[in-house]
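> Here it is, the structure in full.
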Amino acid sequence: MSSAFSAPVIAIDVGGTFLKGAIVEGASITVSERWPTRREHGSDQALEGVIAFGQKLVRENPQAKALGIVVPGLVDEANGISIFAENVGWRDVPFRRLLEEATGLPVGFGHDVRAGGLAEKEFGAGLGVKNFLFLPIGTGISGAIFVDGNLVEDSLAGELGHIEIGSGEECTCGGANCLETVATGASIARRYEKLTGIHVEGSAEVLNLVRAGDPVALAVWDEALESLAKVLTMYISILPPDLIIFGGGVSMSGEELLRPLREKINGRSLWQRKPRLAVSHFGDNSAVVGAAILAQRVLKDPMIAGRLT
């Protein structure tokens, strides 16, 4: 690995709920912290929060040589622009320019899921695998697709979270019946609350209720897995991967996610290839490591700042 790839860099992953910031050297996270995204206060406040977070990390870590940031939604990686982030409300935000002006560092910019997939390919669970899908399940559901070792970079590719599964619920994308309405961390919690009137702190609490045998929690969890299995069976029928890597908060449940999901996919599959299922090597930090890779690449060659492959 070149000296540019071992230099300390700041990495920021903008999630729908939290901003994750870290100092990364190679693939090792040496410092990590979180801030709320503050999307409930509006898109402008959320943007100001990202910039303030970047400035804070630069002040506290003057040894950093570059900054990498990844965001959700539709992005123009080459020009450093967030075209549309539905869960935060951003449109046409020039992140690279704003952060370079605010921090004085060169900035690498990209899509959170595709960058996370890059981290898994270069350092994690996808190492040595040519055909795989990296699918984080968090505030949203979107995949990074690798075919014959190459990342599919189209900004509209991998939006599995917006395949219709007949949930009868409206989605933040403006449509309805999307996978994201039942299978994200937030929607799992919301579905449980809707059915019981009991407030829960996210999908982790619903999973604890599943373990305790709560019948409503069991039904909500099974609905999420059935819907996810349905969509993934469609995916593997079209573009069969050897491996599906799950990331994001829901993946932290490990085999409690993988075992029933494996059974449901296998039960739906007749002639289709049955892929291996695994959880992210980096847990919910894949996008952070991916952001660091983009920052490190800026140091090596500023002209490839927006290229992930």
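Each chain of the structure tokens is named A, B, ... in the order shown, its residues numbered from 1; ligands are numbered from 1 in display order.
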Show which residues sit within 6 Å of range 70-82 of chain A, as a list of chain:residue names. Count only C-alpha atoms, and ignore same-chain residues fewer than 5 positions away.
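Here the answer would be A:Asp13, A:Val14, A:Asp92, A:Val93, A:Pro94, A:Phe95, A:Arg96, A:Phe109, A:Gly110, A:His111, A:Asp112, A:Ser155, A:Ala291, A:Gly306.
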> Apply DSSP to the backbone of this structure and, from range 82-134 of chain A, keep only the residues in helix (DSSP H, G or I); write these as a compact mmCIF listing (two decimals) with N, CA and C atoms, in the first residue's frame.

# COMPACT_ATOMS: atom_id res chain seq x y z
N PHE A 95 -21.17 19.46 -1.91
CA PHE A 95 -20.45 19.10 -0.69
C PHE A 95 -18.94 19.26 -0.81
N ARG A 96 -18.37 18.82 -1.94
CA ARG A 96 -16.90 18.90 -2.03
C ARG A 96 -16.42 20.34 -1.91
N ARG A 97 -17.05 21.24 -2.65
CA ARG A 97 -16.63 22.64 -2.59
C ARG A 97 -16.85 23.24 -1.21
N LEU A 98 -18.00 22.98 -0.60
CA LEU A 98 -18.31 23.56 0.71
C LEU A 98 -17.32 23.08 1.77
N LEU A 99 -16.99 21.81 1.75
CA LEU A 99 -16.09 21.28 2.78
C LEU A 99 -14.64 21.68 2.53
N GLU A 100 -14.24 21.77 1.27
CA GLU A 100 -12.88 22.26 0.99
C GLU A 100 -12.74 23.70 1.48
N GLU A 101 -13.76 24.53 1.26
CA GLU A 101 -13.71 25.91 1.72
C GLU A 101 -13.74 25.99 3.25
N ALA A 102 -14.51 25.11 3.89
CA ALA A 102 -14.68 25.17 5.34
C ALA A 102 -13.50 24.59 6.11
N THR A 103 -12.79 23.61 5.52
CA THR A 103 -11.74 22.92 6.26
C THR A 103 -10.34 23.17 5.73
N ASP A 112 -22.69 6.76 -0.06
CA ASP A 112 -22.37 5.99 1.14
C ASP A 112 -22.33 4.48 0.90
N VAL A 113 -23.31 3.96 0.18
CA VAL A 113 -23.38 2.52 0.00
C VAL A 113 -22.30 2.02 -0.96
N ARG A 114 -22.08 2.73 -2.06
CA ARG A 114 -21.04 2.29 -3.00
C ARG A 114 -19.65 2.39 -2.36
N ALA A 115 -19.43 3.42 -1.55
CA ALA A 115 -18.16 3.52 -0.84
C ALA A 115 -18.01 2.40 0.18
N GLY A 116 -19.11 2.07 0.88
CA GLY A 116 -19.07 0.96 1.81
C GLY A 116 -18.78 -0.36 1.13
N GLY A 117 -19.35 -0.54 -0.06
CA GLY A 117 -19.05 -1.74 -0.84
C GLY A 117 -17.59 -1.80 -1.24
N LEU A 118 -17.03 -0.64 -1.58
CA LEU A 118 -15.61 -0.58 -1.92
C LEU A 118 -14.75 -1.00 -0.74
N ALA A 119 -15.13 -0.55 0.47
CA ALA A 119 -14.39 -0.95 1.68
C ALA A 119 -14.44 -2.46 1.87
N GLU A 120 -15.62 -3.05 1.66
CA GLU A 120 -15.73 -4.51 1.81
C GLU A 120 -14.93 -5.24 0.75
N LYS A 121 -14.88 -4.68 -0.46
CA LYS A 121 -14.13 -5.31 -1.55
C LYS A 121 -12.63 -5.27 -1.29
N GLU A 122 -12.14 -4.13 -0.81
CA GLU A 122 -10.69 -3.97 -0.67
C GLU A 122 -10.15 -4.52 0.64
N PHE A 123 -10.97 -4.47 1.71
CA PHE A 123 -10.44 -4.84 3.03
C PHE A 123 -11.33 -5.81 3.81
> Could you tell me, as JSON, numbers by chain, which residues of range 104-199 of chain A DSSP assigns to strand (DSSP E) when given the backbone?
{"A": [107, 108, 109, 110, 111, 132, 133, 134, 135, 136, 144, 145, 146, 147, 150, 151]}
> Which one is closest to Pro36 in chain A: A:Leu19, A:Cys173, A:Val298, A:Val279? Count only C-alpha atoms.
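Using only C-alpha atoms, Pro36 in chain A sits closest to A:Leu19.
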> Counting only C-alpha atoms, figure out which residue out of A:Gly15, A:Gly185, A:Gly283, A:Pro241 gets nearest to Glu205 in chain A.
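Nearest candidate to Glu205 in chain A out of A:Gly15, A:Gly185, A:Gly283, A:Pro241: A:Gly185.
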> Restricting the calculation to only C-alpha atoms: of A:Lys264, A:Lys56, A:Arg259, A:Lys20, which residue gets closest to Ala292 in chain A?
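Ranked by minimum distance to Ala292 in chain A, first place goes to A:Lys20.
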> Please indicate the distance in Å from CA of Val220 in chain A to CA of Tyr192 in chain A, rounded to one decimal place.
6.4 Å
> I need the residue nearest Glu256 in chain A from this list: A:Cys178, A:Val152, A:Ala22, A:Leu225. Use only C-alpha atoms for the distance.
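Ranked by minimum distance to Glu256 in chain A, first place goes to A:Leu225.
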> Just to confirm, what's the straight-line distance from CA of Pro136 in chain A to CA of Glu223 in chain A in Å (one decimal)?
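CA of Pro136 in chain A sits 18.0 Å away from CA of Glu223 in chain A.
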> Could you jot down the CA of Phe132 in chain A to CA of Val147 in chain A separation for me, Å, one decimal place?
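Between CA of Phe132 in chain A and CA of Val147 in chain A the gap is 7.0 Å.
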> Pick the closest to Pro62 in chain A from A:Ile265, A:Ala278, A:Ile23, A:Ala229: which is it, counting only C-alpha atoms?
A:Ile23
> Need to verify the contact set: range 252-255 of chain A, 12 Å, only C-alpha atoms, exclusion of same-chain residues closer than 2 positions in sequence. Can you return it as a ChimeraX atom specification?
/A:136-138,185,203-208,210-211,221,245-250,257-263,277-285
> Output N, CA and C atoms for every residue in the selection just made, as a tab-separated table (two decimals), in the first residue's frame.

chain	number	residue	atom	x	y	z
A	136	PRO	N	-26.50	-2.52	2.85
A	136	PRO	CA	-26.74	-2.00	4.20
A	136	PRO	C	-28.24	-1.81	4.45
A	137	ILE	N	-28.66	-2.13	5.66
A	137	ILE	CA	-30.05	-1.92	6.07
A	137	ILE	C	-30.03	-0.99	7.26
A	138	GLY	N	-30.35	0.26	7.02
A	138	GLY	CA	-30.35	1.26	8.09
A	138	GLY	C	-31.57	2.13	7.97
A	185	GLY	N	-34.49	-0.25	9.72
A	185	GLY	CA	-34.53	-0.19	11.18
A	185	GLY	C	-35.68	0.67	11.67
A	203	SER	N	-35.10	-0.70	15.89
A	203	SER	CA	-35.28	-2.12	15.59
A	203	SER	C	-34.58	-3.02	16.60
A	204	ALA	N	-33.52	-2.51	17.24
A	204	ALA	CA	-32.82	-3.34	18.24
A	204	ALA	C	-33.75	-3.72	19.39
A	205	GLU	N	-34.60	-2.77	19.79
A	205	GLU	CA	-35.55	-3.06	20.86
A	205	GLU	C	-36.62	-4.04	20.38
A	206	VAL	N	-37.05	-3.92	19.12
A	206	VAL	CA	-38.00	-4.88	18.57
A	206	VAL	C	-37.39	-6.27	18.56
A	207	LEU	N	-36.11	-6.36	18.19
A	207	LEU	CA	-35.45	-7.67	18.17
A	207	LEU	C	-35.34	-8.26	19.57
A	208	ASN	N	-35.11	-7.42	20.57
A	208	ASN	CA	-35.12	-7.92	21.95
A	208	ASN	C	-36.49	-8.50	22.31
A	210	VAL	N	-38.52	-9.79	20.12
A	210	VAL	CA	-38.59	-11.05	19.37
A	210	VAL	C	-37.98	-12.17	20.19
A	211	ARG	N	-36.83	-11.91	20.77
A	211	ARG	CA	-36.14	-12.91	21.59
A	211	ARG	C	-36.97	-13.31	22.80
A	221	TRP	N	-41.02	-8.66	12.64
A	221	TRP	CA	-39.70	-9.12	12.20
A	221	TRP	C	-39.84	-10.09	11.03
A	245	ILE	N	-23.56	-9.32	1.20
A	245	ILE	CA	-23.02	-8.82	2.47
A	245	ILE	C	-24.00	-7.80	3.02
A	246	PHE	N	-24.46	-8.01	4.24
A	246	PHE	CA	-25.40	-7.09	4.87
A	246	PHE	C	-24.65	-6.15	5.81
A	247	GLY	N	-24.97	-4.87	5.70
A	247	GLY	CA	-24.39	-3.87	6.59
A	247	GLY	C	-25.50	-3.09	7.27
A	248	GLY	N	-25.13	-1.99	7.94
A	248	GLY	CA	-26.11	-1.17	8.62
A	248	GLY	C	-26.52	-1.73	9.97
A	249	GLY	N	-27.36	-0.96	10.65
A	249	GLY	CA	-27.74	-1.32	12.02
A	249	GLY	C	-28.44	-2.66	12.13
A	250	VAL	N	-29.35	-2.97	11.21
A	250	VAL	CA	-30.11	-4.22	11.30
A	250	VAL	C	-29.18	-5.43	11.18
A	257	LEU	N	-30.55	-12.49	11.80
A	257	LEU	CA	-30.97	-12.00	10.49
A	257	LEU	C	-30.67	-13.04	9.42
A	258	LEU	N	-29.45	-13.57	9.40
A	258	LEU	CA	-28.99	-14.40	8.30
A	258	LEU	C	-29.68	-15.76	8.25
A	259	ARG	N	-29.87	-16.40	9.40
A	259	ARG	CA	-30.42	-17.77	9.38
A	259	ARG	C	-31.83	-17.81	8.79
A	260	PRO	N	-32.79	-17.03	9.33
A	260	PRO	CA	-34.13	-17.09	8.73
A	260	PRO	C	-34.18	-16.54	7.31
A	261	LEU	N	-33.35	-15.55	7.02
A	261	LEU	CA	-33.33	-14.98	5.68
A	261	LEU	C	-32.80	-16.01	4.68
A	262	ARG	N	-31.78	-16.74	5.08
A	262	ARG	CA	-31.22	-17.80	4.23
A	262	ARG	C	-32.29	-18.85	3.92
A	263	GLU	N	-33.04	-19.22	4.95
A	263	GLU	CA	-34.10	-20.22	4.77
A	263	GLU	C	-35.19	-19.70	3.83
A	277	LEU	N	-24.53	-15.75	2.41
A	277	LEU	CA	-24.93	-14.54	3.12
A	277	LEU	C	-23.94	-14.28	4.25
A	278	ALA	N	-23.56	-13.02	4.41
A	278	ALA	CA	-22.60	-12.66	5.45
A	278	ALA	C	-22.91	-11.25	5.94
A	279	VAL	N	-22.37	-10.92	7.10
A	279	VAL	CA	-22.50	-9.55	7.58
A	279	VAL	C	-21.18	-8.82	7.32
A	280	SER	N	-21.28	-7.51	7.29
A	280	SER	CA	-20.13	-6.67	6.98
A	280	SER	C	-18.96	-6.92	7.92
A	281	HIS	N	-17.78	-6.94	7.36
A	281	HIS	CA	-16.56	-7.04	8.17
A	281	HIS	C	-16.42	-5.85	9.11
A	282	PHE	N	-16.90	-4.69	8.67
A	282	PHE	CA	-16.74	-3.45	9.44
A	282	PHE	C	-17.98	-3.07	10.24
A	283	GLY	N	-18.95	-3.98	10.35
A	283	GLY	CA	-20.16	-3.64	11.08
A	283	GLY	C	-20.88	-2.49	10.40
A	284	ASP	N	-21.23	-1.47	11.17
A	284	ASP	CA	-21.89	-0.31	10.55
A	284	ASP	C	-20.89	0.78	10.18
A	285	ASN	N	-19.60	0.42	10.07
A	285	ASN	CA	-18.56	1.40	9.72
A	285	ASN	C	-18.02	1.23	8.30
> Looking at A:Ser251, A:Leu243, A:Leu195, A:Phe146, which one is nearest to Ala183 in chain A, with distances taken over only C-alpha atoms?
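The answer is A:Ser251, which sits nearest to Ala183 in chain A.
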